[in-house]
$ cat protein_27.txt   # compact mmCIF, C-alpha atoms
# COMPACT_ATOMS: atom_id res chain seq x y z
CA MET A 419 -68.77 -60.69 -122.70
CA ASN A 420 -66.33 -58.86 -124.92
CA THR A 421 -68.46 -58.55 -128.02
CA LEU A 422 -71.56 -56.45 -128.33
CA PRO A 423 -74.72 -58.54 -128.15
CA VAL A 424 -76.53 -58.51 -131.49
CA THR A 425 -79.79 -56.69 -130.81
CA ALA A 426 -82.28 -55.19 -133.21
CA TYR A 427 -81.21 -51.79 -131.92
CA HIS A 428 -77.54 -52.32 -132.81
CA THR A 429 -78.26 -53.68 -136.29
CA SER A 430 -80.48 -50.73 -137.23
CA ALA A 431 -83.50 -52.96 -137.29
CA ILE A 432 -86.78 -52.51 -135.50
CA SER A 433 -88.89 -55.30 -134.12
CA CYS A 434 -92.67 -55.08 -134.40
CA LEU A 435 -94.12 -55.65 -130.93
CA SER A 436 -97.42 -56.77 -132.43
CA CYS A 437 -96.42 -59.39 -135.03
CA HIS A 438 -92.70 -59.75 -134.20
CA LEU A 439 -91.57 -58.98 -137.74
CA LEU A 440 -88.01 -57.72 -137.87
CA CYS A 441 -87.94 -54.65 -140.10
CA ARG A 442 -84.96 -52.72 -141.46
CA ARG A 443 -85.04 -49.21 -140.08
CA GLY A 444 -83.72 -47.14 -142.99
CA LYS A 445 -85.75 -48.48 -145.91
CA MET A 446 -88.87 -48.82 -143.88
CA VAL A 447 -88.89 -45.22 -142.74
CA ALA A 448 -88.58 -44.08 -146.36
CA ARG A 449 -91.72 -45.90 -147.47
CA MET A 450 -94.14 -45.87 -144.59
CA PRO A 451 -92.70 -44.15 -141.57
CA GLY A 452 -93.17 -46.08 -138.38
CA ILE A 453 -95.74 -48.59 -139.58
CA CYS A 454 -95.11 -52.34 -139.67
CA PRO A 455 -95.35 -53.46 -143.33
CA ARG A 456 -96.98 -56.73 -142.29
CA CYS A 457 -99.52 -56.03 -139.56
CA GLY A 458 -99.89 -52.23 -139.70
CA ALA A 459 -98.97 -51.61 -136.05
CA ARG A 460 -96.98 -48.55 -135.07
CA LEU A 461 -93.27 -49.26 -134.75
CA HIS A 462 -91.11 -47.85 -131.99
CA ILE A 463 -87.50 -48.72 -131.26
CA ARG A 464 -88.54 -48.75 -127.60
CA LYS A 465 -92.03 -48.19 -126.18
CA LYS A 466 -92.76 -44.47 -126.42
CA ASN A 467 -91.78 -42.38 -123.37
CA SER A 468 -91.78 -45.61 -121.41
CA ILE A 469 -90.10 -44.32 -118.25
CA SER A 470 -92.04 -41.07 -117.81
CA ARG A 471 -95.37 -42.67 -118.71
CA THR A 472 -94.84 -45.51 -116.24
CA TRP A 473 -93.83 -43.05 -113.51
CA ALA A 474 -96.91 -40.92 -114.14
CA LEU A 475 -99.22 -43.93 -113.96
CA ILE A 476 -97.54 -45.24 -110.81
CA LEU A 477 -97.91 -41.90 -109.02
CA THR A 478 -101.58 -41.72 -110.04
CA ALA A 479 -102.22 -45.25 -108.80
CA MET A 480 -100.53 -44.43 -105.49
CA MET A 481 -102.86 -41.48 -104.99
CA PHE A 482 -105.89 -43.71 -105.53
CA TYR A 483 -104.54 -46.56 -103.40
CA LEU A 484 -105.14 -44.69 -100.14
CA PRO A 485 -108.87 -43.81 -100.60
CA ALA A 486 -109.40 -47.28 -102.07
CA ASN A 487 -108.35 -48.78 -98.74
CA ILE A 488 -109.72 -46.21 -96.31
CA LEU A 489 -113.20 -45.57 -97.75
CA PRO A 490 -115.97 -48.18 -97.51
CA ILE A 491 -116.38 -50.53 -100.46
CA THR A 492 -119.85 -51.77 -99.43
CA HIS A 493 -122.75 -50.52 -97.30
CA LEU A 494 -124.90 -53.36 -95.97
CA SER A 495 -128.25 -52.40 -94.49
CA GLN A 496 -129.98 -55.17 -92.61
CA LEU A 497 -133.31 -54.50 -90.90
CA GLY A 498 -132.55 -50.80 -90.54
CA VAL A 499 -128.95 -51.18 -89.37
CA VAL A 500 -126.30 -49.95 -91.82
CA GLN A 501 -122.84 -51.46 -91.74
CA SER A 502 -120.02 -50.05 -93.88
CA ASP A 503 -117.11 -52.28 -94.83
CA THR A 504 -113.69 -51.39 -96.20
CA ILE A 505 -111.56 -53.91 -98.07
CA ILE A 506 -109.52 -54.57 -94.93
CA SER A 507 -112.51 -54.92 -92.61
CA GLY A 508 -113.89 -57.53 -95.04
CA VAL A 509 -110.65 -59.49 -94.79
CA ILE A 510 -110.68 -59.26 -91.00
CA TYR A 511 -114.30 -60.46 -90.95
CA PHE A 512 -113.36 -63.56 -92.95
CA PHE A 513 -110.40 -64.30 -90.68
CA GLU A 514 -112.56 -63.94 -87.55
CA THR A 515 -115.29 -66.23 -88.87
CA GLY A 516 -112.70 -68.87 -89.69
CA MET A 517 -112.93 -68.61 -93.49
CA TRP A 518 -109.23 -68.03 -93.85
CA PRO A 519 -108.86 -69.31 -97.45
CA ILE A 520 -111.31 -66.62 -98.59
CA ALA A 521 -109.61 -64.06 -96.35
CA LEU A 522 -106.26 -64.94 -97.93
CA ILE A 523 -107.60 -64.64 -101.49
CA ILE A 524 -108.94 -61.15 -100.84
CA LEU A 525 -105.89 -60.10 -98.83
CA ILE A 526 -103.51 -61.17 -101.60
CA ALA A 527 -105.60 -59.99 -104.57
CA SER A 528 -106.77 -56.65 -103.17
CA ILE A 529 -103.98 -55.50 -100.91
CA PHE A 530 -100.70 -57.30 -101.64
CA ILE A 531 -100.84 -57.52 -105.44
CA PRO A 532 -101.44 -53.80 -106.11
CA LEU A 533 -98.85 -52.83 -103.49
CA LEU A 534 -96.22 -55.29 -104.73
CA LYS A 535 -96.85 -54.24 -108.33
CA LEU A 536 -96.19 -50.62 -107.42
CA ILE A 537 -93.03 -51.50 -105.49
CA VAL A 538 -91.69 -53.76 -108.26
CA LEU A 539 -92.36 -51.21 -111.00
CA ILE A 540 -90.73 -48.43 -108.97
CA TYR A 541 -87.71 -50.65 -108.37
CA LEU A 542 -87.48 -51.54 -112.09
CA LEU A 543 -87.76 -47.89 -113.12
CA ILE A 544 -85.07 -46.76 -110.68
CA SER A 545 -82.77 -49.62 -111.69
CA VAL A 546 -83.21 -48.72 -115.37
CA GLN A 547 -82.66 -45.03 -114.73
CA ARG A 548 -79.48 -45.80 -112.78
CA ARG A 549 -78.41 -48.05 -115.68
CA SER A 550 -78.01 -50.99 -113.34
CA THR A 551 -76.45 -54.12 -114.80
CA TRP A 552 -77.39 -56.31 -111.87
CA ARG A 553 -79.22 -59.57 -112.73
CA PRO A 554 -81.15 -58.46 -115.83
CA ARG A 555 -82.62 -61.92 -116.34
CA GLU A 556 -84.20 -61.97 -112.89
CA ARG A 557 -85.44 -58.40 -113.27
CA THR A 558 -87.07 -59.34 -116.58
CA ARG A 559 -88.78 -62.26 -114.86
CA LEU A 560 -89.95 -59.94 -112.10
CA TYR A 561 -91.50 -57.74 -114.79
CA ARG A 562 -93.22 -60.71 -116.43
CA ILE A 563 -94.80 -61.76 -113.13
CA THR A 564 -95.95 -58.19 -112.46
CA GLU A 565 -97.61 -58.07 -115.85
CA VAL A 566 -99.48 -61.34 -115.36
CA VAL A 567 -100.80 -61.11 -111.79
CA GLY A 568 -102.31 -57.61 -111.99
CA ARG A 569 -105.68 -58.67 -113.37
CA TRP A 570 -106.44 -60.86 -110.34
CA SER A 571 -106.93 -57.74 -108.23
CA MET A 572 -110.31 -57.35 -109.92
CA VAL A 573 -111.72 -60.15 -107.74
CA ASP A 574 -113.03 -57.79 -105.07
CA ILE A 575 -114.80 -55.63 -107.66
CA TYR A 576 -116.55 -58.72 -109.03
CA VAL A 577 -117.55 -59.82 -105.53
CA VAL A 578 -119.15 -56.42 -104.99
CA THR A 579 -120.89 -56.67 -108.39
CA ILE A 580 -122.38 -60.06 -107.51
CA LEU A 581 -123.38 -59.03 -103.98
CA VAL A 582 -125.19 -55.87 -105.08
CA ALA A 583 -127.12 -57.89 -107.65
CA LEU A 584 -128.11 -60.67 -105.24
CA ILE A 585 -128.76 -58.85 -101.99
CA LYS A 586 -131.59 -56.56 -103.00
CA LEU A 587 -134.25 -57.54 -100.51
CA GLY A 588 -135.47 -54.08 -99.52
CA ALA A 589 -135.68 -53.59 -95.76
CA VAL A 590 -134.56 -57.15 -94.97
CA ALA A 591 -131.10 -56.82 -96.50
CA ASP A 592 -129.61 -54.49 -99.10
CA ILE A 593 -126.05 -53.86 -100.31
CA ASP A 594 -124.78 -50.70 -101.98
CA ALA A 595 -121.35 -50.25 -103.51
CA GLY A 596 -119.28 -47.65 -101.66
CA PRO A 597 -116.92 -44.98 -102.99
CA ALA A 598 -113.86 -47.24 -102.61
CA ALA A 599 -115.17 -49.40 -105.48
CA LEU A 600 -114.39 -46.60 -107.92
CA PHE A 601 -110.96 -45.83 -106.45
CA PHE A 602 -110.03 -49.47 -106.28
CA SER A 603 -111.08 -50.09 -109.92
CA ALA A 604 -108.92 -47.13 -110.87
CA VAL A 605 -105.94 -48.61 -109.01
CA VAL A 606 -106.30 -51.93 -110.84
CA VAL A 607 -106.69 -50.38 -114.30
CA ILE A 608 -103.92 -47.80 -113.82
CA THR A 609 -101.38 -50.30 -112.45
CA MET A 610 -102.14 -52.60 -115.39
CA LEU A 611 -101.55 -49.70 -117.78
CA ALA A 612 -98.33 -48.87 -115.91
CA ALA A 613 -97.03 -52.42 -116.33
CA MET A 614 -97.90 -52.31 -120.03
CA SER A 615 -96.12 -49.01 -120.62
CA PHE A 616 -92.86 -50.25 -119.12
CA ASP A 617 -90.45 -51.61 -121.73
CA PRO A 618 -88.38 -54.56 -120.41
CA ARG A 619 -85.84 -54.03 -123.18
CA LEU A 620 -84.65 -50.98 -121.22
CA ILE A 621 -83.31 -53.39 -118.59
CA TRP A 622 -81.05 -54.91 -121.23
CA ASP A 623 -80.00 -51.66 -122.88
CA ALA A 624 -77.93 -50.76 -119.82
CA GLN A 625 -76.28 -54.16 -120.09
CA GLU A 626 -75.12 -53.46 -123.63
CA SER A 627 -73.67 -50.01 -123.06
CA HIS A 628 -71.77 -51.50 -120.13
CA ASP A 629 -70.26 -54.19 -122.33
CA GLU A 630 -68.90 -51.71 -124.87
CA MET B 535 -87.11 -54.99 -146.19
CA LYS B 536 -88.71 -57.88 -144.38
CA ASP B 537 -86.57 -60.46 -142.73
CA HIS B 538 -87.93 -63.88 -141.99
CA THR B 539 -84.80 -65.72 -141.02
CA PHE B 540 -84.30 -63.57 -137.95
CA ILE B 541 -86.46 -62.50 -135.06
CA ALA B 542 -85.73 -60.06 -132.25
CA CYS B 543 -86.78 -60.98 -128.73
CA HIS B 544 -89.67 -58.71 -127.77
CA GLU B 545 -88.48 -58.53 -124.17
CA CYS B 546 -84.72 -57.97 -124.52
CA ASP B 547 -84.21 -57.13 -128.22
CA LEU B 548 -81.60 -59.86 -128.86
CA ILE B 549 -81.65 -61.14 -132.45
CA HIS B 550 -82.07 -64.86 -133.04
CA ARG B 551 -82.00 -66.94 -136.18
CA LEU B 552 -85.58 -68.19 -136.30
CA PRO B 553 -85.25 -71.85 -135.34
CA LEU B 554 -87.24 -74.67 -136.87
CA VAL B 555 -89.47 -75.61 -133.98
CA ARG B 556 -91.67 -78.67 -134.08
CA PRO B 557 -95.33 -78.20 -133.14
CA GLY B 558 -95.86 -78.48 -129.42
CA HIS B 559 -92.35 -77.28 -128.65
CA VAL B 560 -91.24 -73.83 -127.55
CA ALA B 561 -88.34 -71.66 -128.64
CA ARG B 562 -87.13 -69.31 -125.93
CA CYS B 563 -84.78 -66.36 -125.94
CA SER B 564 -81.27 -67.48 -125.03
CA ARG B 565 -80.69 -64.34 -123.00
CA CYS B 566 -83.89 -63.52 -121.11
CA ASN B 567 -85.93 -66.72 -121.50
CA ALA B 568 -88.97 -65.06 -123.12
CA VAL B 569 -91.05 -67.27 -125.43
CA LEU B 570 -90.13 -66.50 -129.06
CA VAL B 571 -92.27 -68.96 -131.02
CA ARG B 572 -94.62 -71.71 -129.91
CA PRO B 573 -95.92 -73.55 -132.97
CA LYS B 574 -99.10 -75.60 -132.65
CA SER B 575 -100.30 -78.47 -134.78
CA ASN B 576 -103.68 -77.85 -136.46
CA SER B 577 -103.76 -74.39 -134.95
CA VAL B 578 -106.36 -73.09 -137.42
CA GLU B 579 -108.82 -75.97 -137.00
CA ARG B 580 -108.48 -76.01 -133.24
CA THR B 581 -108.80 -72.25 -132.82
CA LEU B 582 -111.90 -72.24 -135.03
CA ALA B 583 -113.55 -75.12 -133.17
CA LEU B 584 -112.78 -73.59 -129.79
CA SER B 585 -114.01 -70.13 -130.80
CA LEU B 586 -117.33 -71.58 -131.98
CA THR B 587 -117.69 -73.52 -128.73
CA GLY B 588 -116.72 -70.43 -126.76
CA LEU B 589 -119.33 -68.26 -128.46
CA MET B 590 -122.08 -70.81 -127.79
CA LEU B 591 -121.08 -71.12 -124.14
CA PHE B 592 -120.96 -67.33 -123.93
CA PHE B 593 -124.60 -67.08 -125.01
CA ILE B 594 -125.73 -69.81 -122.62
CA ALA B 595 -123.80 -68.18 -119.79
CA ASN B 596 -125.57 -64.90 -120.44
CA ALA B 597 -129.06 -66.21 -121.11
CA PHE B 598 -129.69 -67.82 -117.73
CA PRO B 599 -129.10 -66.80 -114.11
CA PHE B 600 -125.90 -68.15 -112.62
CA LEU B 601 -126.77 -67.84 -108.94
CA SER B 602 -129.99 -67.64 -107.02
CA PHE B 603 -130.23 -66.70 -103.44
CA SER B 604 -133.13 -67.05 -101.06
CA LEU B 605 -133.58 -65.44 -97.68
CA GLU B 606 -136.75 -66.07 -95.71
CA THR B 607 -139.53 -65.79 -98.31
CA GLU B 608 -137.68 -63.69 -100.84
CA GLU B 609 -135.63 -65.01 -103.73
CA ARG B 610 -133.19 -63.22 -106.02
CA GLN B 611 -131.52 -64.44 -109.16
CA THR B 612 -128.57 -62.91 -110.93
CA THR B 613 -127.35 -63.12 -114.49
CA LEU B 614 -123.89 -62.04 -115.58
CA LEU B 615 -125.15 -58.58 -116.43
CA SER B 616 -127.62 -57.87 -113.63
CA GLY B 617 -124.77 -56.77 -111.35
CA VAL B 618 -123.71 -54.27 -113.99
CA PHE B 619 -127.23 -52.77 -114.11
CA THR B 620 -127.43 -52.58 -110.32
CA LEU B 621 -124.08 -50.79 -110.12
CA TYR B 622 -125.25 -48.41 -112.82
CA ALA B 623 -128.45 -47.73 -110.89
CA GLN B 624 -126.33 -46.93 -107.80
CA ASN B 625 -124.47 -44.26 -109.83
CA GLN B 626 -121.33 -46.39 -110.00
CA TRP B 627 -121.26 -46.03 -113.78
CA ALA B 628 -117.45 -46.23 -114.10
CA VAL B 629 -117.28 -49.48 -112.13
CA ALA B 630 -120.31 -50.79 -114.04
CA GLY B 631 -118.58 -49.93 -117.32
CA LEU B 632 -115.37 -51.66 -116.29
CA VAL B 633 -117.21 -54.84 -115.30
CA LEU B 634 -119.27 -54.74 -118.51
CA LEU B 635 -116.08 -54.46 -120.57
CA THR B 636 -114.05 -57.11 -118.79
CA ILE B 637 -116.64 -59.88 -118.49
CA PHE B 638 -118.94 -59.18 -121.43
CA LEU B 639 -117.87 -56.87 -124.26
CA ILE B 640 -114.20 -57.80 -124.52
CA PRO B 641 -114.70 -61.60 -124.47
CA LEU B 642 -117.52 -61.17 -127.02
CA VAL B 643 -115.41 -59.00 -129.33
CA GLN B 644 -112.50 -61.42 -129.04
CA LEU B 645 -114.58 -64.51 -129.84
CA SER B 646 -116.34 -62.83 -132.78
CA GLY B 647 -113.03 -61.49 -134.06
CA LEU B 648 -111.51 -64.96 -133.98
CA LEU B 649 -114.41 -66.30 -136.06
CA TYR B 650 -113.96 -63.44 -138.53
CA ILE B 651 -110.32 -64.46 -139.01
CA TYR B 652 -110.45 -68.23 -138.67
CA VAL B 653 -113.61 -69.16 -140.63
CA PRO B 654 -112.14 -67.87 -143.93
CA LEU B 655 -108.72 -69.22 -142.99
CA TYR B 656 -110.19 -72.70 -142.55
CA PHE B 657 -111.47 -72.53 -146.15
CA GLY B 658 -108.09 -71.36 -147.43
CA LYS B 659 -108.95 -67.68 -147.72
CA THR B 660 -108.00 -64.68 -145.60
CA ALA B 661 -110.35 -62.01 -144.34
CA ARG B 662 -109.38 -58.55 -145.56
CA ARG B 663 -109.14 -56.94 -142.14
CA THR B 664 -107.20 -59.80 -140.55
CA PRO B 665 -104.23 -57.67 -139.36
CA ALA B 666 -106.30 -55.01 -137.60
CA VAL B 667 -108.70 -57.54 -136.05
CA PHE B 668 -105.91 -59.82 -134.83
CA ARG B 669 -103.99 -56.90 -133.36
CA LEU B 670 -107.14 -55.85 -131.49
CA ILE B 671 -107.71 -59.37 -130.16
CA ARG B 672 -104.14 -59.55 -128.83
CA LYS B 673 -104.32 -56.08 -127.34
CA LEU B 674 -107.54 -56.87 -125.48
CA GLN B 675 -106.16 -60.13 -124.06
CA PRO B 676 -105.16 -58.82 -120.59
CA TRP B 677 -108.58 -57.16 -120.22
CA SER B 678 -110.67 -60.29 -120.67
CA MET B 679 -111.18 -61.41 -117.07
CA MET B 680 -113.65 -64.30 -117.08
CA GLU B 681 -111.48 -66.47 -114.84
CA VAL B 682 -111.06 -63.68 -112.31
CA PHE B 683 -114.85 -63.27 -112.30
CA MET B 684 -115.15 -67.01 -111.57
CA LEU B 685 -112.99 -66.56 -108.48
CA GLY B 686 -115.26 -63.66 -107.55
CA ILE B 687 -118.27 -65.99 -107.73
CA LEU B 688 -116.52 -68.46 -105.45
CA VAL B 689 -115.78 -65.78 -102.85
CA SER B 690 -119.34 -64.42 -103.04
CA VAL B 691 -120.84 -67.87 -102.53
CA ALA B 692 -118.65 -68.40 -99.48
CA LYS B 693 -119.70 -65.02 -98.14
CA LEU B 694 -123.42 -65.61 -98.69
CA ALA B 695 -123.59 -69.26 -97.71
CA GLU B 696 -123.95 -68.55 -94.01
CA MET B 697 -126.49 -65.82 -94.55
CA ALA B 698 -128.90 -67.60 -96.87
CA GLN B 699 -129.27 -70.46 -99.28
CA VAL B 700 -127.32 -70.09 -102.52
CA VAL B 701 -128.19 -72.26 -105.52
CA PRO B 702 -126.00 -72.43 -108.64
CA GLY B 703 -127.82 -71.92 -111.96
CA ILE B 704 -127.33 -73.48 -115.42
CA SER B 705 -125.16 -70.66 -116.66
CA LEU B 706 -122.64 -71.25 -113.89
CA TYR B 707 -121.71 -74.54 -115.56
CA ALA B 708 -121.53 -72.85 -118.97
CA LEU B 709 -119.32 -70.19 -117.41
CA MET B 710 -116.96 -72.80 -115.95
CA ALA B 711 -116.66 -74.52 -119.34
CA LEU B 712 -116.14 -71.16 -121.02
CA ILE B 713 -113.15 -70.40 -118.81
CA PHE B 714 -111.43 -73.60 -119.92
CA VAL B 715 -112.29 -72.91 -123.55
CA LEU B 716 -110.88 -69.38 -123.35
CA ALA B 717 -107.67 -70.71 -121.80
CA ALA B 718 -107.45 -73.35 -124.53
CA ILE B 719 -107.91 -70.69 -127.21
CA ALA B 720 -105.06 -68.65 -125.74
CA ALA B 721 -102.90 -71.78 -125.89
CA THR B 722 -103.79 -72.88 -129.45
CA ILE B 723 -103.50 -69.55 -131.24
CA ASP B 724 -100.24 -69.48 -133.18
CA PRO B 725 -99.62 -65.82 -134.08
CA HIS B 726 -96.44 -66.54 -136.01
CA HIS B 727 -98.25 -69.02 -138.26
CA LEU B 728 -101.17 -66.64 -138.76
CA TRP B 729 -98.90 -63.78 -139.86
CA LEU B 730 -97.08 -66.05 -142.32
CA LYS B 731 -100.45 -67.16 -143.77
CA TRP B 732 -101.48 -63.53 -144.10
CA GLU B 733 -98.26 -62.64 -145.93
CA GLN B 734 -98.62 -65.57 -148.34
CA SER B 735 -102.13 -64.39 -149.21
CA GLN B 736 -100.96 -60.92 -150.15
$ encode --input "protein_27.txt" --output "C-alpha cells"
Amino acid sequence: MNTLPVTAYHTSAISCLSCHLLCRRGKMVARMPGICPRCGARLHIRKKNSISRTWALILTAMMFYLPANILPITHLSQLGVVQSDTIISGVIYFFETGMWPIALIILIASIFIPLLKLIVLIYLLISVQRRSTWRPRERTRLYRITEVVGRWSMVDIYVVTILVALIKLGAVADIDAGPAALFFSAVVVITMLAAMSFDPRLIWDAQESHDE
Amino acid sequence: MKDHTFIACHECDLIHRLPLVRPGHVARCSRCNAVLVRPKSNSVERTLALSLTGLMLFFIANAFPFLSFSLETEERQTTLLSGVFTLYAQNQWAVAGLVLLTIFLIPLVQLSGLLYIYVPLYFGKTARRTPAVFRLIRKLQPWSMMEVFMLGILVSVAKLAEMAQVVPGISLYALMALIFVLAAIAATIDPHHLWLKWEQSQ
C-alpha cells in the first residue's frame, strides 16, 4: 500500500467503543470533553494505558496460576477419610476411570485455556511493542478467540459449587472447597480483564506508521 | 459533529462508509474482518418477546431444585443458589460472590434492563435512561455465564453418577431453555438500530 489507510485516528475522529458513533475530535472536546454525545460513554482514541494495564493483569494472573494448580480445590471426606484433590488430580482421576470426555473438558477449560490466553496476550503485547507488521489480520483473529474462550474456564468453579451443595451428608460424605478455588477464580477473572484491556487497534497502528 | 454516513471499525480503526445492509446480512470490516453492523428484522419485537420468556424461565429455574442426589438413605437437593450459600458458609465468600454474580445477578440485571428499554420501545416511546442501561447490558455480556454453568452441571452429573443416584429436577429443563433464549437474545439485539431510534427520539 502506498497511501495511508483512512482510520479514525488519521482523520482526527474518534470512534465510540460503546455505540460505534464516529465523532469529530476537535468540536467534541470543546463541548463535552471525552464523552460520546449519543450514548454518554467515555471516549478514548485508544483504550487507556492499554499496554501497561494488560501487562499488569497478566503478571498478576501468572502469580495466581501456580497456587491455583498446586493447592487442593476440593477436600472430600468419606467415612472419616479425607481426600484432597487438585485440578490436575481431578483430571487424572477422570482419565483413569475411563471418563475421558469429562477429563478433556476440564483439562482444556481449566489448564489449557488460561495458559494459552496468557501466552497469546504476552505474544500480542510484545508484537505491538516491537511495532511488528507481521500478519495483523491473523493476530486480530487470535485476539478475538482469546476474548471469547476465557469464560469457559469457569466450568471447574461451577462443578465445585454444585458438588459442595449436593454432597453434604455429614459423616457419610462431605465436600469442602479448597484454597485453589479462590486462586483459580482470580485467574479466570483477571485474564478476562486482561483480554478486555488490550486494544486490538494497536496491532494495526504499527501497520500504518510502516506504510508512511 | 455526529457522522452517520461513516463508521470506524472498533477493532482496527479503519473508516468505512456505512453500507446499506439488508436484515439478516452482516457487514464486515474489509481490513480485519470484524463485524461492523448486523441488522435484524423485527429486532425490537423479538428482543422484547425473548426477554419476557427469559425472565419467566429465570424465575422457574431459581424456584425449584435442579438436581437431587441420593446416597443410601440420605437425599440432597440443590437449587441454583444453594451452592452459593454453601460456599459462603465455608468462608469462600469471594468465590461465592463470583458465582452469585455470573449465574444470578448479572443475567437478572440484563433481562430486567432489556425489558426497561424494549417495552417502551415496542410502544413507540423511549425510556429516559436507555443509553446508560444499554451500555451496562453490553458491558456485562461477557460476565453472564449461564451456558458455562450448564457445562458444569454436566460434568458434576458425570462425576456423581457412579457414586450415587442423580435425578434432574424441573428447573434443569427451564435452565436449558434459558440458555437458548439468552443466546437468541444476543443474536437478535441490533445495537445500531437501537442507537438510531434513541437519537430520533431526542
$ closest_atom_pairs --input "protein_27.txt" --of "chain B" --to "chain A" --cutoff "8 Å" --atoms "all atoms listed in the file" --output "Markdown table"
| residue | atom | partner | partner_atom | distance |
| --- | --- | --- | --- | --- |
| B:Met535 | CA | A:Arg442 | CA | 5.7 |
| B:Lys536 | CA | A:Cys441 | CA | 5.4 |
| B:Asp537 | CA | A:Leu440 | CA | 5.8 |
| B:His538 | CA | A:Leu440 | CA | 7.4 |
| B:Phe540 | CA | A:Leu440 | CA | 6.9 |
| B:Ile541 | CA | A:Leu440 | CA | 5.8 |
| B:Ala542 | CA | A:Ser433 | CA | 6.0 |
| B:His544 | CA | A:Leu435 | CA | 6.3 |
| B:Glu545 | CA | A:Arg619 | CA | 5.3 |
| B:Cys546 | CA | A:Arg619 | CA | 4.3 |
| B:Asp547 | CA | A:Thr425 | CA | 5.1 |
| B:Leu548 | CA | A:Thr425 | CA | 4.1 |
| B:Ile549 | CA | A:Thr425 | CA | 5.1 |
| B:Arg565 | CA | A:Arg555 | CA | 7.3 |
| B:Cys566 | CA | A:Arg555 | CA | 5.2 |
| B:Asn567 | CA | A:Arg555 | CA | 7.8 |
| B:Ser602 | CA | A:Leu584 | CA | 7.4 |
| B:Phe603 | CA | A:Leu584 | CA | 6.6 |
| B:Glu608 | CA | A:Leu587 | CA | 7.0 |
| B:Arg610 | CA | A:Leu584 | CA | 5.7 |
| B:Gln611 | CA | A:Leu584 | CA | 6.4 |
| B:Thr612 | CA | A:Leu584 | CA | 6.1 |
| B:Ser616 | CA | A:Ala583 | CA | 6.0 |
| B:Gly617 | CA | A:Ala583 | CA | 4.5 |
| B:Val618 | CA | A:Thr579 | CA | 6.7 |
| B:Thr620 | CA | A:Ala583 | CA | 6.0 |
| B:Leu621 | CA | A:Thr579 | CA | 6.9 |
| B:Gln624 | CA | A:Asp594 | CA | 7.1 |
| B:Gln626 | CA | A:Leu600 | CA | 7.2 |
| B:Ala628 | CA | A:Leu600 | CA | 6.9 |
| B:Val629 | CA | A:Leu600 | CA | 5.9 |
| B:Leu632 | CA | A:Ser603 | CA | 7.8 |
| B:Val633 | CA | A:Tyr576 | CA | 7.4 |
| B:Pro665 | CA | A:Cys457 | CA | 5.0 |
| B:Ala666 | CA | A:Cys457 | CA | 7.1 |
| B:Arg669 | CA | A:Ser436 | CA | 6.6 |
| B:Pro676 | CA | A:Arg569 | CA | 7.2 |
| B:Trp677 | CA | A:Arg569 | CA | 7.6 |
| B:Met679 | CA | A:Arg569 | CA | 7.2 |
| B:Val682 | CA | A:Trp570 | CA | 5.8 |
| B:Phe683 | CA | A:Tyr576 | CA | 5.9 |
| B:Leu685 | CA | A:Val573 | CA | 6.6 |
| B:Gly686 | CA | A:Val577 | CA | 4.9 |
| B:Ile687 | CA | A:Val577 | CA | 6.6 |
| B:Val689 | CA | A:Ile520 | CA | 6.2 |
| B:Ser690 | CA | A:Val577 | CA | 5.5 |
| B:Ala692 | CA | A:Ile520 | CA | 7.6 |
| B:Pro725 | CA | A:Cys437 | CA | 7.2 |
| B:His726 | CA | A:Cys437 | CA | 7.2 |
| B:Trp729 | CA | A:Cys437 | CA | 7.0 |
| B:Glu733 | CA | A:Arg456 | CA | 7.1 |
$ atom_distance --input "protein_27.txt" --atom1 "atom CA of B:Met710" --atom2 "atom CA of A:Ile608"
28.3 Å
$ atom_distance --input "protein_27.txt" --atom1 "atom CA of A:Val509" --atom2 "atom CA of A:Ala598"
14.9 Å
$ atom_distance --input "protein_27.txt" --atom1 "atom CA of A:Ala589" --atom2 "atom CA of A:Leu494"
10.8 Å
$ closest_residue --input "protein_27.txt" --among "B:Phe668, B:Tyr652, B:Phe593, B:Tyr707" --to "B:Val578" --atoms "all atoms listed in the file"
B:Tyr652
$ axis_aligned_box --input "protein_27.txt" --around "stretch 526-533 of chain A" --padding-each-side "6 Å" --output "AutoDock Vina command-line options"
--center_x -102.8 --center_y -57.0 --center_z -103.5 --size_x 19.9 --size_y 20.3 --size_z 17.2
$ build_atoms --input "protein_27.txt" --residues "stretch 482-490 of chain A" --atoms "N, CA and C atoms" --output "PDB file, in the coordinates of the input"
ATOM      1  N   PHE A 482    -104.592 -43.038-105.663  1.00  0.00           N
ATOM      2  CA  PHE A 482    -105.890 -43.710-105.530  1.00  0.00           C
ATOM      3  C   PHE A 482    -105.847 -44.863-104.525  1.00  0.00           C
ATOM      4  N   TYR A 483    -104.653 -45.380-104.261  1.00  0.00           N
ATOM      5  CA  TYR A 483    -104.540 -46.560-103.400  1.00  0.00           C
ATOM      6  C   TYR A 483    -105.043 -46.270-101.986  1.00  0.00           C
ATOM      7  N   LEU A 484    -104.746 -45.051-101.500  1.00  0.00           N
ATOM      8  CA  LEU A 484    -105.140 -44.690-100.140  1.00  0.00           C
ATOM      9  C   LEU A 484    -106.671 -44.634 -99.969  1.00  0.00           C
ATOM     10  N   PRO A 485    -107.397 -43.807-100.749  1.00  0.00           N
ATOM     11  CA  PRO A 485    -108.870 -43.810-100.600  1.00  0.00           C
ATOM     12  C   PRO A 485    -109.482 -45.177-100.891  1.00  0.00           C
ATOM     13  N   ALA A 486    -108.860 -45.951-101.757  1.00  0.00           N
ATOM     14  CA  ALA A 486    -109.400 -47.280-102.070  1.00  0.00           C
ATOM     15  C   ALA A 486    -109.405 -48.163-100.831  1.00  0.00           C
ATOM     16  N   ASN A 487    -108.433 -47.933 -99.923  1.00  0.00           N
ATOM     17  CA  ASN A 487    -108.350 -48.780 -98.740  1.00  0.00           C
ATOM     18  C   ASN A 487    -108.990 -48.177 -97.507  1.00  0.00           C
ATOM     19  N   ILE A 488    -109.168 -46.851 -97.502  1.00  0.00           N
ATOM     20  CA  ILE A 488    -109.720 -46.210 -96.310  1.00  0.00           C
ATOM     21  C   ILE A 488    -111.243 -46.100 -96.398  1.00  0.00           C
ATOM     22  N   LEU A 489    -111.762 -45.765 -97.591  1.00  0.00           N
ATOM     23  CA  LEU A 489    -113.200 -45.570 -97.750  1.00  0.00           C
ATOM     24  C   LEU A 489    -113.920 -46.910 -97.796  1.00  0.00           C
ATOM     25  N   PRO A 490    -115.209 -46.916 -97.467  1.00  0.00           N
ATOM     26  CA  PRO A 490    -115.970 -48.180 -97.510  1.00  0.00           C
ATOM     27  C   PRO A 490    -116.200 -48.651 -98.949  1.00  0.00           C
TER      28      PRO A 490
END
